[in-house]
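A.B. asks: Following this line is entry21.cif, made up of mmCIF, C-alpha atoms:
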```cif
data_structure
#
loop_
_atom_site.label_atom_id
_atom_site.label_comp_id
_atom_site.auth_asym_id
_atom_site.auth_seq_id
_atom_site.Cartn_x
_atom_site.Cartn_y
_atom_site.Cartn_z
CA MET J 1 -30.75 143.78 121.60
CA ALA J 2 -27.25 144.63 120.37
CA PRO J 3 -25.46 147.33 122.36
CA GLN J 4 -25.59 150.82 120.86
CA HIS J 5 -22.34 152.74 120.40
CA HIS J 6 -22.41 156.49 120.91
CA THR J 7 -19.82 159.12 120.15
CA ARG J 8 -19.65 162.12 122.46
CA LYS J 9 -18.94 165.36 120.67
CA ALA J 10 -15.65 167.09 121.20
CA ALA J 11 -15.44 169.87 123.74
CA PRO J 12 -15.70 172.70 123.14
CA ALA J 13 -16.41 172.16 119.42
CA ASP J 14 -15.55 169.94 116.44
CA ASP J 15 -13.55 172.69 114.80
CA GLY J 16 -11.10 171.06 112.40
CA ASN J 17 -9.54 174.37 111.36
CA THR J 18 -8.72 175.28 114.96
CA ILE J 19 -7.24 171.85 115.65
CA ALA J 20 -5.13 171.93 112.48
CA SER J 21 -3.83 175.42 113.23
CA ARG J 22 -2.83 174.58 116.79
CA LEU J 23 -1.30 171.31 115.73
CA LEU J 24 0.81 172.89 112.98
CA ASP J 25 2.09 175.58 115.36
CA TRP J 26 3.14 172.81 117.76
CA TYR J 27 4.72 170.75 114.97
CA ASP J 28 6.83 173.69 113.81
CA VAL J 29 8.61 173.61 117.17
CA HIS J 30 8.36 169.99 118.35
CA HIS J 31 8.58 167.86 115.17
CA ARG J 32 10.71 164.73 115.20
CA GLU J 33 13.91 164.70 113.16
CA LEU J 34 13.63 161.67 110.85
CA PRO J 35 16.02 160.67 108.04
CA TRP J 36 13.27 160.71 105.38
CA ARG J 37 11.58 163.89 106.57
CA VAL J 38 11.75 167.46 105.30
CA THR J 39 11.44 169.71 108.36
CA PRO J 40 8.94 172.59 108.53
CA ARG J 41 11.77 175.12 108.20
CA GLU J 42 13.17 173.34 105.15
CA HIS J 43 9.68 173.09 103.69
CA ALA J 44 9.09 176.82 104.21
CA ASN J 45 12.38 177.48 102.41
CA GLY J 46 11.24 175.58 99.33
CA VAL J 47 12.72 172.12 99.97
CA ARG J 48 10.36 169.43 98.73
CA PRO J 49 10.21 165.85 100.01
CA ASP J 50 11.59 163.10 97.77
CA PRO J 51 8.65 160.82 96.87
CA TYR J 52 11.04 157.84 96.71
CA ARG J 53 12.19 158.36 100.29
CA ILE J 54 8.63 158.94 101.53
CA TRP J 55 7.38 155.80 99.77
CA LEU J 56 10.28 153.71 101.06
CA SER J 57 9.89 154.91 104.64
CA GLU J 58 6.12 154.39 104.65
CA VAL J 59 6.42 150.82 103.37
CA MET J 60 9.07 150.09 105.98
CA LEU J 61 7.00 151.66 108.76
CA GLN J 62 4.02 149.36 108.21
CA GLN J 63 3.83 147.26 111.40
CA THR J 64 7.35 148.38 112.43
CA THR J 65 8.54 151.10 114.81
CA VAL J 66 10.26 154.31 113.75
CA GLU J 67 13.37 153.46 115.78
CA ALA J 68 13.66 150.04 114.13
CA VAL J 69 13.23 151.52 110.66
CA LYS J 70 15.86 154.29 110.85
CA SER J 71 18.91 152.05 110.36
CA TYR J 72 17.22 149.99 107.63
CA PHE J 73 16.18 153.15 105.80
CA ARG J 74 19.70 154.61 105.89
CA ALA J 75 21.18 151.33 104.63
CA PHE J 76 18.66 151.15 101.78
CA VAL J 77 19.17 154.70 100.52
CA GLU J 78 22.93 154.28 100.77
CA LYS J 79 22.78 151.20 98.54
CA TRP J 80 19.92 152.39 96.35
CA PRO J 81 19.62 156.22 96.45
CA ASP J 82 16.72 156.42 94.00
CA VAL J 83 13.96 154.25 92.61
CA GLU J 84 15.88 153.44 89.42
CA ALA J 85 18.77 152.06 91.48
CA LEU J 86 16.37 149.92 93.52
CA ALA J 87 14.72 148.64 90.35
CA ALA J 88 18.13 147.62 88.99
CA ALA J 89 19.01 145.68 92.15
CA PRO J 90 18.72 141.86 92.21
CA THR J 91 15.62 140.78 94.12
CA GLU J 92 17.75 138.57 96.37
CA ASP J 93 19.80 141.59 97.47
CA VAL J 94 16.62 143.50 98.34
CA MET J 95 15.32 140.54 100.36
CA LYS J 96 18.63 140.32 102.24
CA ALA J 97 18.52 144.04 103.06
CA TRP J 98 14.92 143.65 104.25
CA ALA J 99 15.63 140.68 106.56
CA GLY J 100 14.50 141.52 110.08
CA LEU J 101 11.77 143.99 109.08
CA GLY J 102 9.17 141.22 108.78
CA TYR J 103 6.17 140.99 106.45
CA TYR J 104 8.38 139.85 103.59
CA SER J 105 5.63 140.20 101.01
CA ARG J 106 6.23 143.93 101.46
CA ALA J 107 9.79 143.52 100.22
CA ARG J 108 8.62 141.66 97.12
CA ASN J 109 6.00 144.34 96.45
CA LEU J 110 8.62 147.03 97.08
CA LYS J 111 10.78 145.62 94.30
CA ALA J 112 7.80 145.18 91.95
CA CYS J 113 6.70 148.76 92.60
CA ALA J 114 10.22 150.09 91.99
CA ASP J 115 10.33 148.22 88.67
CA LEU J 116 7.07 149.84 87.51
CA VAL J 117 7.99 153.36 88.66
CA ALA J 118 11.40 153.08 87.00
CA LYS J 119 9.63 152.27 83.73
CA ARG J 120 7.65 155.51 84.22
CA GLY J 121 10.91 157.44 84.20
CA GLY J 122 11.36 157.24 87.95
CA ARG J 123 8.38 159.49 88.71
CA PHE J 124 5.79 158.43 91.26
CA PRO J 125 2.17 159.36 90.51
CA ASP J 126 0.86 162.20 92.67
CA THR J 127 -2.73 161.10 93.34
CA GLU J 128 -4.12 158.50 95.73
CA ALA J 129 -5.95 156.61 92.99
CA ALA J 130 -2.89 156.30 90.77
CA LEU J 131 -0.63 155.35 93.67
CA ARG J 132 -3.02 152.60 94.76
CA ALA J 133 -2.61 150.97 91.37
CA LEU J 134 1.04 150.23 92.23
CA PRO J 135 2.08 146.96 93.96
CA GLY J 136 2.02 147.07 97.76
CA ILE J 137 0.42 150.52 98.04
CA GLY J 138 -2.91 150.49 99.86
CA ALA J 139 -5.23 153.16 101.22
CA TYR J 140 -2.96 154.35 104.03
CA THR J 141 0.30 154.40 102.07
CA SER J 142 -1.25 156.15 99.06
CA ALA J 143 -2.70 158.85 101.33
CA ALA J 144 0.61 159.30 103.16
CA ILE J 145 2.59 159.68 99.93
CA THR J 146 0.00 162.04 98.45
CA ALA J 147 0.03 164.29 101.51
CA ILE J 148 3.67 164.17 102.57
CA ALA J 149 5.49 163.87 99.23
CA PHE J 150 3.16 166.03 97.12
CA ASP J 151 1.48 168.24 99.77
CA ARG J 152 -2.00 167.39 98.51
CA PRO J 153 -4.92 167.08 100.97
CA ALA J 154 -5.42 163.45 102.00
CA ALA J 155 -6.70 161.74 105.14
CA VAL J 156 -3.67 159.89 106.52
CA VAL J 157 -4.80 157.50 109.25
CA ASP J 158 -2.29 155.23 110.99
CA GLY J 159 -2.40 153.78 114.49
CA ASN J 160 -1.19 157.00 116.07
CA VAL J 161 -3.83 159.04 114.27
CA GLU J 162 -6.57 156.56 115.23
CA ARG J 163 -5.65 157.00 118.88
CA VAL J 164 -5.53 160.81 118.68
CA VAL J 165 -8.89 161.07 116.91
CA SER J 166 -10.55 158.47 119.15
CA ARG J 167 -9.63 160.64 122.13
CA LEU J 168 -10.39 164.00 120.55
CA PHE J 169 -13.98 162.90 119.89
CA SER J 170 -14.41 160.20 122.59
CA ILE J 171 -15.32 157.61 119.98
CA ALA J 172 -16.97 154.80 121.95
CA THR J 173 -17.32 152.48 118.97
CA PRO J 174 -14.70 149.68 119.17
CA LEU J 175 -11.70 150.57 117.04
CA SER J 176 -12.18 147.64 114.67
CA GLU J 177 -15.61 149.05 113.76
CA ALA J 178 -14.76 152.77 113.91
CA LYS J 179 -12.42 153.11 110.93
CA ALA J 180 -14.87 155.02 108.71
CA GLU J 181 -15.91 157.31 111.56
CA ILE J 182 -12.30 158.15 112.37
CA ARG J 183 -11.47 158.78 108.71
CA ALA J 184 -14.43 161.14 108.39
CA HIS J 185 -13.13 163.22 111.31
CA VAL J 186 -9.64 163.35 109.78
CA GLU J 187 -11.01 164.39 106.40
CA ARG J 188 -12.76 167.35 108.05
CA MET J 189 -9.57 168.39 109.86
CA VAL J 190 -7.12 168.24 106.93
CA PRO J 191 -6.17 171.84 106.07
CA GLY J 192 -5.95 173.14 102.54
CA THR J 193 -2.43 174.42 103.20
CA ARG J 194 0.40 172.25 104.57
CA PRO J 195 -1.57 168.97 104.50
CA GLY J 196 1.70 167.03 104.51
CA ASP J 197 2.93 168.74 107.66
CA PHE J 198 -0.49 168.23 109.21
CA ALA J 199 -0.33 164.48 108.53
CA GLN J 200 3.13 164.25 110.09
CA ALA J 201 2.05 166.43 113.02
CA MET J 202 -0.81 164.04 113.80
CA MET J 203 1.61 161.11 113.73
CA ASP J 204 4.12 162.92 115.94
CA LEU J 205 1.41 163.90 118.42
CA GLY J 206 0.36 160.27 118.79
CA ALA J 207 3.94 159.03 119.03
CA THR J 208 5.22 161.55 121.57
CA ILE J 209 2.28 163.08 123.50
CA CYS J 210 -0.95 161.13 122.95
CA THR J 211 0.70 157.80 123.76
CA PRO J 212 -1.20 154.57 124.51
CA ARG J 213 -0.31 154.70 128.21
CA ARG J 214 0.04 157.81 130.37
CA PRO J 215 -0.56 160.41 127.65
CA ARG J 216 1.03 163.76 128.47
CA CYS J 217 -2.19 165.74 128.12
CA MET J 218 -0.82 168.85 129.83
CA LEU J 219 1.66 169.25 126.95
CA CYS J 220 -0.87 168.57 124.21
CA PRO J 221 -1.48 171.48 121.81
CA VAL J 222 -5.11 170.43 121.23
CA ARG J 223 -6.09 169.52 124.81
CA GLU J 224 -8.69 172.34 124.81
CA ASP J 225 -10.43 170.57 121.92
CA CYS J 226 -10.17 167.05 123.35
CA SER J 227 -13.36 165.41 124.58
CA ALA J 228 -11.44 162.65 126.40
CA VAL J 229 -9.49 165.25 128.40
CA ALA J 230 -12.75 166.99 129.27
CA THR J 231 -14.23 163.74 130.60
CA GLY J 232 -10.99 162.83 132.39
CA ASP J 233 -10.36 159.38 130.89
CA PRO J 234 -8.21 159.56 127.74
CA GLU J 235 -6.68 156.10 128.28
CA HIS J 236 -10.13 154.58 127.81
CA PHE J 237 -9.79 155.39 124.10
CA PRO J 238 -9.52 153.88 121.60
CA VAL J 239 -11.99 151.22 122.72
CA ARG J 240 -10.81 147.73 121.81
CA LEU J 241 -12.59 144.41 121.75
CA PRO J 242 -10.89 141.58 123.70
CA LYS J 243 -8.17 139.90 121.68
CA ALA J 244 -8.73 136.31 120.65
CA ASP J 245 -5.98 133.88 121.65
CA LYS J 246 -3.60 133.07 118.81
CA PRO J 247 -3.38 129.39 117.87
CA LEU J 248 -0.09 127.69 118.77
CA ARG J 249 1.71 125.73 116.06
CA ARG J 250 4.69 123.42 116.55
CA GLY J 251 7.49 122.12 114.38
CA ALA J 252 11.23 121.51 114.24
CA ALA J 253 14.25 123.19 112.65
CA PHE J 254 17.57 121.53 111.84
CA VAL J 255 20.85 123.44 111.97
CA ALA J 256 23.57 121.55 110.08
CA VAL J 257 27.15 122.85 110.40
CA ARG J 258 30.03 121.90 108.13
CA SER J 259 33.60 121.51 109.37
CA ASP J 260 34.47 125.03 108.11
CA GLY J 261 31.56 126.52 110.09
CA ALA J 262 29.23 126.91 107.10
CA ILE J 263 25.52 126.46 107.84
CA LEU J 264 23.11 124.60 105.57
CA LEU J 265 20.34 126.81 104.20
CA ARG J 266 17.60 126.76 101.60
CA LYS J 267 15.19 129.24 100.04
CA ARG J 268 11.49 129.15 100.88
CA PRO J 269 8.92 129.11 98.07
CA GLU J 270 8.11 132.54 96.65
CA LYS J 271 4.44 132.24 97.59
CA GLY J 272 3.15 131.99 101.14
CA LEU J 273 4.48 132.77 104.60
CA LEU J 274 8.06 134.17 104.57
CA GLY J 275 7.98 133.74 100.79
CA GLY J 276 11.36 133.95 99.07
CA MET J 277 13.28 134.18 102.34
CA THR J 278 16.14 131.93 103.47
CA GLU J 279 15.80 129.28 106.17
CA VAL J 280 17.46 126.28 107.78
CA PRO J 281 15.70 122.99 106.98
CA THR J 282 12.43 122.86 108.90
CA THR J 283 9.31 120.74 109.03
CA ASP J 284 6.05 121.50 107.26
CA TRP J 285 4.35 123.73 109.84
CA THR J 286 2.00 126.45 108.64
CA ALA J 287 -0.40 128.94 110.24
CA ARG J 288 -3.04 126.18 110.12
CA ILE J 289 -1.23 122.91 110.91
CA ASP J 290 1.63 121.62 113.07
CA GLY J 291 4.75 120.13 111.56
CA ALA J 292 6.71 117.18 112.89
CA SER J 293 8.73 118.16 115.95
CA THR J 294 11.07 115.23 116.58
CA VAL J 295 14.49 114.27 115.29
CA ALA J 296 12.83 111.59 113.15
CA ALA J 297 11.90 114.41 110.72
CA ALA J 298 15.55 115.39 110.09
CA PRO J 299 16.34 116.12 106.42
CA PHE J 300 19.16 113.55 106.37
CA ALA J 301 20.89 111.09 108.69
CA ALA J 302 23.37 112.68 111.10
CA ASP J 303 24.15 112.85 114.81
CA TRP J 304 21.38 115.35 115.57
CA GLN J 305 21.41 116.75 119.10
CA SER J 306 18.70 118.77 120.78
CA SER J 307 19.52 122.50 121.10
CA GLY J 308 16.40 123.56 122.93
CA ARG J 309 13.26 125.26 121.77
CA ILE J 310 12.45 128.72 120.39
CA ALA J 311 9.19 130.65 120.31
CA HIS J 312 8.07 133.20 117.74
CA VAL J 313 4.84 135.12 117.27
CA PHE J 314 3.44 135.84 113.83
CA THR J 315 0.43 138.06 113.13
CA HIS J 316 -2.11 135.25 113.22
CA PHE J 317 -0.42 132.47 115.17
CA ALA J 318 2.36 131.60 117.60
CA LEU J 319 5.05 129.07 116.79
CA GLU J 320 7.30 126.80 118.85
CA LEU J 321 10.19 125.06 117.13
CA GLU J 322 12.34 122.27 118.53
CA ILE J 323 15.92 122.95 117.44
CA PHE J 324 18.40 120.22 116.50
CA LEU J 325 22.10 120.63 115.67
CA ALA J 326 24.41 118.31 113.74
CA ARG J 327 27.98 118.69 112.60
CA THR J 328 28.53 117.10 109.24
CA SER J 329 30.86 117.00 106.27
CA GLY J 330 28.26 115.38 104.07
CA ALA J 331 27.17 116.34 100.57
CA THR J 332 24.81 119.24 99.88
CA PRO J 333 21.18 118.06 99.73
CA SER J 334 19.25 119.04 96.61
CA GLY J 335 17.80 122.54 96.84
CA HIS J 336 20.12 123.58 99.69
CA PHE J 337 23.35 125.58 99.93
CA TRP J 338 26.08 126.26 102.49
CA SER J 339 26.63 129.74 103.87
CA LEU J 340 30.02 130.53 105.40
CA PRO J 341 30.23 132.15 108.86
CA ALA J 342 31.22 135.51 107.38
CA ASP J 343 28.14 135.46 105.11
CA ILE J 344 25.40 134.34 107.50
CA SER J 345 24.60 137.85 108.79
CA GLY J 346 23.96 138.99 105.21
CA GLU J 347 21.56 136.19 104.30
CA ALA J 348 17.85 136.90 103.89
CA LEU J 349 17.01 135.19 107.17
CA PRO J 350 13.70 136.08 108.84
CA THR J 351 13.79 136.62 112.59
CA VAL J 352 12.39 133.18 113.39
CA MET J 353 15.25 131.53 111.50
CA LYS J 354 17.84 133.72 113.17
CA LYS J 355 16.40 132.57 116.51
CA ALA J 356 16.70 128.93 115.41
CA ILE J 357 20.35 129.32 114.39
CA GLU J 358 21.21 131.29 117.51
CA ALA J 359 19.71 128.55 119.72
CA ALA J 360 22.11 126.04 118.13
CA ILE J 361 25.14 128.31 117.58
CA PRO J 362 25.04 131.45 119.75
CA GLY J 363 26.36 134.51 117.91
CA ALA J 364 26.31 132.88 114.47
CA THR J 365 23.94 135.42 112.89
CA LYS J 366 25.61 138.51 114.31
CA LYS J 367 27.51 140.76 111.93
CA PRO J 368 31.27 140.22 112.35
CA ARG J 369 33.07 143.14 113.92
CA PRO J 370 35.69 144.81 111.70
CA HIS J 371 39.26 144.16 112.78
#
```
Show me the file's structure as structure tokens.
C.D. replies:
Amino acid sequence: MAPQHHTRKAAPADDGNTIASRLLDWYDVHHRELPWRVTPREHANGVRPDPYRIWLSEVMLQQTTVEAVKSYFRAFVEKWPDVEALAAAPTEDVMKAWAGLGYYSRARNLKACADLVAKRGGRFPDTEAALRALPGIGAYTSAAITAIAFDRPAAVVDGNVERVVSRLFSIATPLSEAKAEIRAHVERMVPGTRPGDFAQAMMDLGATICTPRRPRCMLCPVREDCSAVATGDPEHFPVRLPKADKPLRRGAAFVAVRSDGAILLRKRPEKGLLGGMTEVPTTDWTARIDGASTVAAAPFAADWQSSGRIAHVFTHFALELEIFLARTSGATPSGHFWSLPADISGEALPTVMKKAIEAAIPGATKKPRPH
């Protein structure tokens, strides 16, 4: 018989209004200062969040940390301060600015979404259903924009919120199967007033207090309502099934350097893994098959020398690439181009390709320091 999952009720009670009130009081004092955020004081004084900045930050934050996103966000809004400016930007420039954030389909959807919103006069829709009709906006992002940008009640559930709710109600169902249960709890807790601040408060609580390891329960504003605190084992939640091992794929990458220091690059196909990004020549590895990993697979004849091996982990597989370096003054192969040393740091190179170049030419992808 399959095991039965049980959820213990919160102690002392599943009182969403009490939790929301305590959490908002805590957030008013302990909120994080973030470049896209309107603070509680500003909000109380009538300042409203910019839907463009909320949308941009939420897309960037998918699968990426807040600290990593801050510098990218500031660079984006400096170049493209509103959605019309982003829509007018060349796609290649957007991809270059995105390089390093990963999940490059998000950058393509970001540009497609900006194009559509710009055609609407630069105004984002203010409901979850209408937002979900835009490219790259799913259930989470539409809820986050609805709540934070427009202050409309919406159940915003990210990884931090999943952890907080799993502990509040001691949800014993494995996290992969508990999504609907968690969402139902959040929906009951969302207050009619300040739903945007509530959503951000839940995120901040998970990021700063209710952390994956060693949660600081004594500082938690809702510890009196937390079932996991009452039972003494908050780190047990959320319950996770054992992770399956990721398959390992292998291939090779070839770093060709011209006499002036330029590096040979090409653009990947628009569809598929790392679509539309820039790369050094590489063999035909994918998430499902290995590519050739010897010098015999080089894109053209040259004095190729081994420069070691790099490893990179994607969402669904791990990759090892053998790196080869050649110095050449040969012609440009069809479909390739040369990027000068001063331009390499600005190319739309995904992290795996930066690793490949760095293995062959240490420091080559770093941004030159101003004189």
A.B. asks: What does the distance from atom CA of J:Phe73 to atom CA of J:Ser57 come to in Å, to one decimal?
C.D. replies: 6.6 Å
A.B. asks: If you apply the PyMOL selection byres ((chain J and resi 327-330) around 8) to this file, what residues do you get, as a list of chain:residue names?
C.D. replies: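 For this structure, the PyMOL selection byres ((chain J and resi 327-330) around 8) resolves to J:Ala256, J:Val257, J:Arg258, J:Ser259, J:Ala302, J:Asp303, J:Trp304, J:Leu325, J:Ala326, J:Ala331, J:Thr332.
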A.B. asks: So what does the PyMOL selection byres ((chain J and resi 223) around 12) actually pick up in this one, as a PDB file with C-alpha atoms, in the frame of the given file?
C.D. replies:
```pdb
ATOM      1  CA  ALA J  10     -15.650 167.090 121.200  1.00  0.00           C
ATOM      2  CA  ALA J  11     -15.440 169.870 123.740  1.00  0.00           C
ATOM      3  CA  PRO J  12     -15.700 172.700 123.140  1.00  0.00           C
ATOM      4  CA  ALA J  13     -16.410 172.160 119.420  1.00  0.00           C
ATOM      5  CA  THR J  18      -8.720 175.280 114.960  1.00  0.00           C
ATOM      6  CA  ILE J  19      -7.240 171.850 115.650  1.00  0.00           C
ATOM      7  CA  ARG J  22      -2.830 174.580 116.790  1.00  0.00           C
ATOM      8  CA  LEU J  23      -1.300 171.310 115.730  1.00  0.00           C
ATOM      9  CA  VAL J 164      -5.530 160.810 118.680  1.00  0.00           C
ATOM     10  CA  VAL J 165      -8.890 161.070 116.910  1.00  0.00           C
ATOM     11  CA  ARG J 167      -9.630 160.640 122.130  1.00  0.00           C
ATOM     12  CA  LEU J 168     -10.390 164.000 120.550  1.00  0.00           C
ATOM     13  CA  PHE J 169     -13.980 162.900 119.890  1.00  0.00           C
ATOM     14  CA  LEU J 205       1.410 163.900 118.420  1.00  0.00           C
ATOM     15  CA  ILE J 209       2.280 163.080 123.500  1.00  0.00           C
ATOM     16  CA  CYS J 210      -0.950 161.130 122.950  1.00  0.00           C
ATOM     17  CA  PRO J 215      -0.560 160.410 127.650  1.00  0.00           C
ATOM     18  CA  ARG J 216       1.030 163.760 128.470  1.00  0.00           C
ATOM     19  CA  CYS J 217      -2.190 165.740 128.120  1.00  0.00           C
ATOM     20  CA  MET J 218      -0.820 168.850 129.830  1.00  0.00           C
ATOM     21  CA  LEU J 219       1.660 169.250 126.950  1.00  0.00           C
ATOM     22  CA  CYS J 220      -0.870 168.570 124.210  1.00  0.00           C
ATOM     23  CA  PRO J 221      -1.480 171.480 121.810  1.00  0.00           C
ATOM     24  CA  VAL J 222      -5.110 170.430 121.230  1.00  0.00           C
ATOM     25  CA  GLU J 224      -8.690 172.340 124.810  1.00  0.00           C
ATOM     26  CA  ASP J 225     -10.430 170.570 121.920  1.00  0.00           C
ATOM     27  CA  CYS J 226     -10.170 167.050 123.350  1.00  0.00           C
ATOM     28  CA  SER J 227     -13.360 165.410 124.580  1.00  0.00           C
ATOM     29  CA  ALA J 228     -11.440 162.650 126.400  1.00  0.00           C
ATOM     30  CA  VAL J 229      -9.490 165.250 128.400  1.00  0.00           C
ATOM     31  CA  ALA J 230     -12.750 166.990 129.270  1.00  0.00           C
ATOM     32  CA  THR J 231     -14.230 163.740 130.600  1.00  0.00           C
ATOM     33  CA  GLY J 232     -10.990 162.830 132.390  1.00  0.00           C
ATOM     34  CA  PRO J 234      -8.210 159.560 127.740  1.00  0.00           C
TER      35      PRO J 234
END
```
A.B. asks: In Å to one decimal, how far is atom CA of J:Ala201 from atom CA of J:Ala107?
C.D. replies: 27.4 Å
A.B. asks: Interatomic distance between atom CA of J:Ser345 and atom CA of J:Lys367?
C.D. replies: 5.2 Å
A.B. asks: For the file shown, report as a count of residues only the outcome of the PyMOL selection byres ((chain J and resi 151) around 10) at residue level.
C.D. replies: 21
A.B. asks: Which residue gives the smallest distance to J:Leu241 among J:Ile182, J:Ala287, J:Leu131, J:Ala172, with all atoms listed in the file counted?
C.D. replies: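 Residue with the minimum atom-to-atom distance to J:Leu241: J:Ala172.
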A.B. asks: Extract, using only C-alpha atoms, all DNA, RNA and protein residues at most 9 Å from J:Leu134, discarding same-chain residues fewer than 5 positions from it, and format them as a ChimeraX atom specification.
C.D. replies: /J:109,112-113,116-117
A.B. asks: Pick the closest to J:Phe317 from J:Arg249, J:Arg108, J:Lys355, J:Lys366: which is it, counting all atoms listed in the file?
C.D. replies: J:Arg249
A.B. asks: Taking the block just given, write stretch 271-282 of chain J to a file that holds N, CA, C and O atoms, as a compact mmCIF listing (two decimals), in the first residue's frame.
C.D. replies:
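Final file, selection.txt:
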```txt
# COMPACT_ATOMS: atom_id res chain seq x y z
N LYS J 271 16.74 28.34 -31.48
CA LYS J 271 15.97 27.35 -30.74
C LYS J 271 16.91 26.42 -29.98
O LYS J 271 18.02 26.15 -30.41
N GLY J 272 16.44 25.92 -28.83
CA GLY J 272 17.20 24.93 -28.10
C GLY J 272 18.03 25.50 -26.98
O GLY J 272 17.97 26.69 -26.67
N LEU J 273 18.86 24.65 -26.39
CA LEU J 273 19.69 25.01 -25.26
C LEU J 273 20.62 26.17 -25.60
O LEU J 273 21.28 26.17 -26.64
N LEU J 274 20.66 27.18 -24.72
CA LEU J 274 21.49 28.39 -24.92
C LEU J 274 21.16 29.07 -26.24
O LEU J 274 22.03 29.68 -26.87
N GLY J 275 19.91 29.00 -26.66
CA GLY J 275 19.51 29.53 -27.95
C GLY J 275 19.83 31.00 -28.14
O GLY J 275 19.55 31.82 -27.27
N GLY J 276 20.44 31.32 -29.27
CA GLY J 276 20.76 32.71 -29.61
C GLY J 276 21.98 33.26 -28.91
O GLY J 276 22.36 34.41 -29.16
N MET J 277 22.63 32.47 -28.05
CA MET J 277 23.81 32.95 -27.36
C MET J 277 25.05 32.74 -28.21
O MET J 277 25.03 32.10 -29.26
N THR J 278 26.17 33.31 -27.75
CA THR J 278 27.45 33.23 -28.46
C THR J 278 28.30 32.14 -27.85
O THR J 278 28.26 31.91 -26.64
N GLU J 279 29.11 31.47 -28.68
CA GLU J 279 29.96 30.39 -28.18
C GLU J 279 31.24 30.30 -29.00
O GLU J 279 31.33 30.84 -30.11
N VAL J 280 32.24 29.61 -28.44
CA VAL J 280 33.38 29.18 -29.25
C VAL J 280 32.94 27.92 -29.97
O VAL J 280 31.97 27.27 -29.57
N PRO J 281 33.62 27.54 -31.06
CA PRO J 281 33.24 26.29 -31.73
C PRO J 281 33.27 25.12 -30.76
O PRO J 281 34.20 24.99 -29.95
N THR J 282 32.26 24.29 -30.82
CA THR J 282 32.14 23.15 -29.90
C THR J 282 31.50 21.99 -30.64
O THR J 282 30.94 22.17 -31.72
```
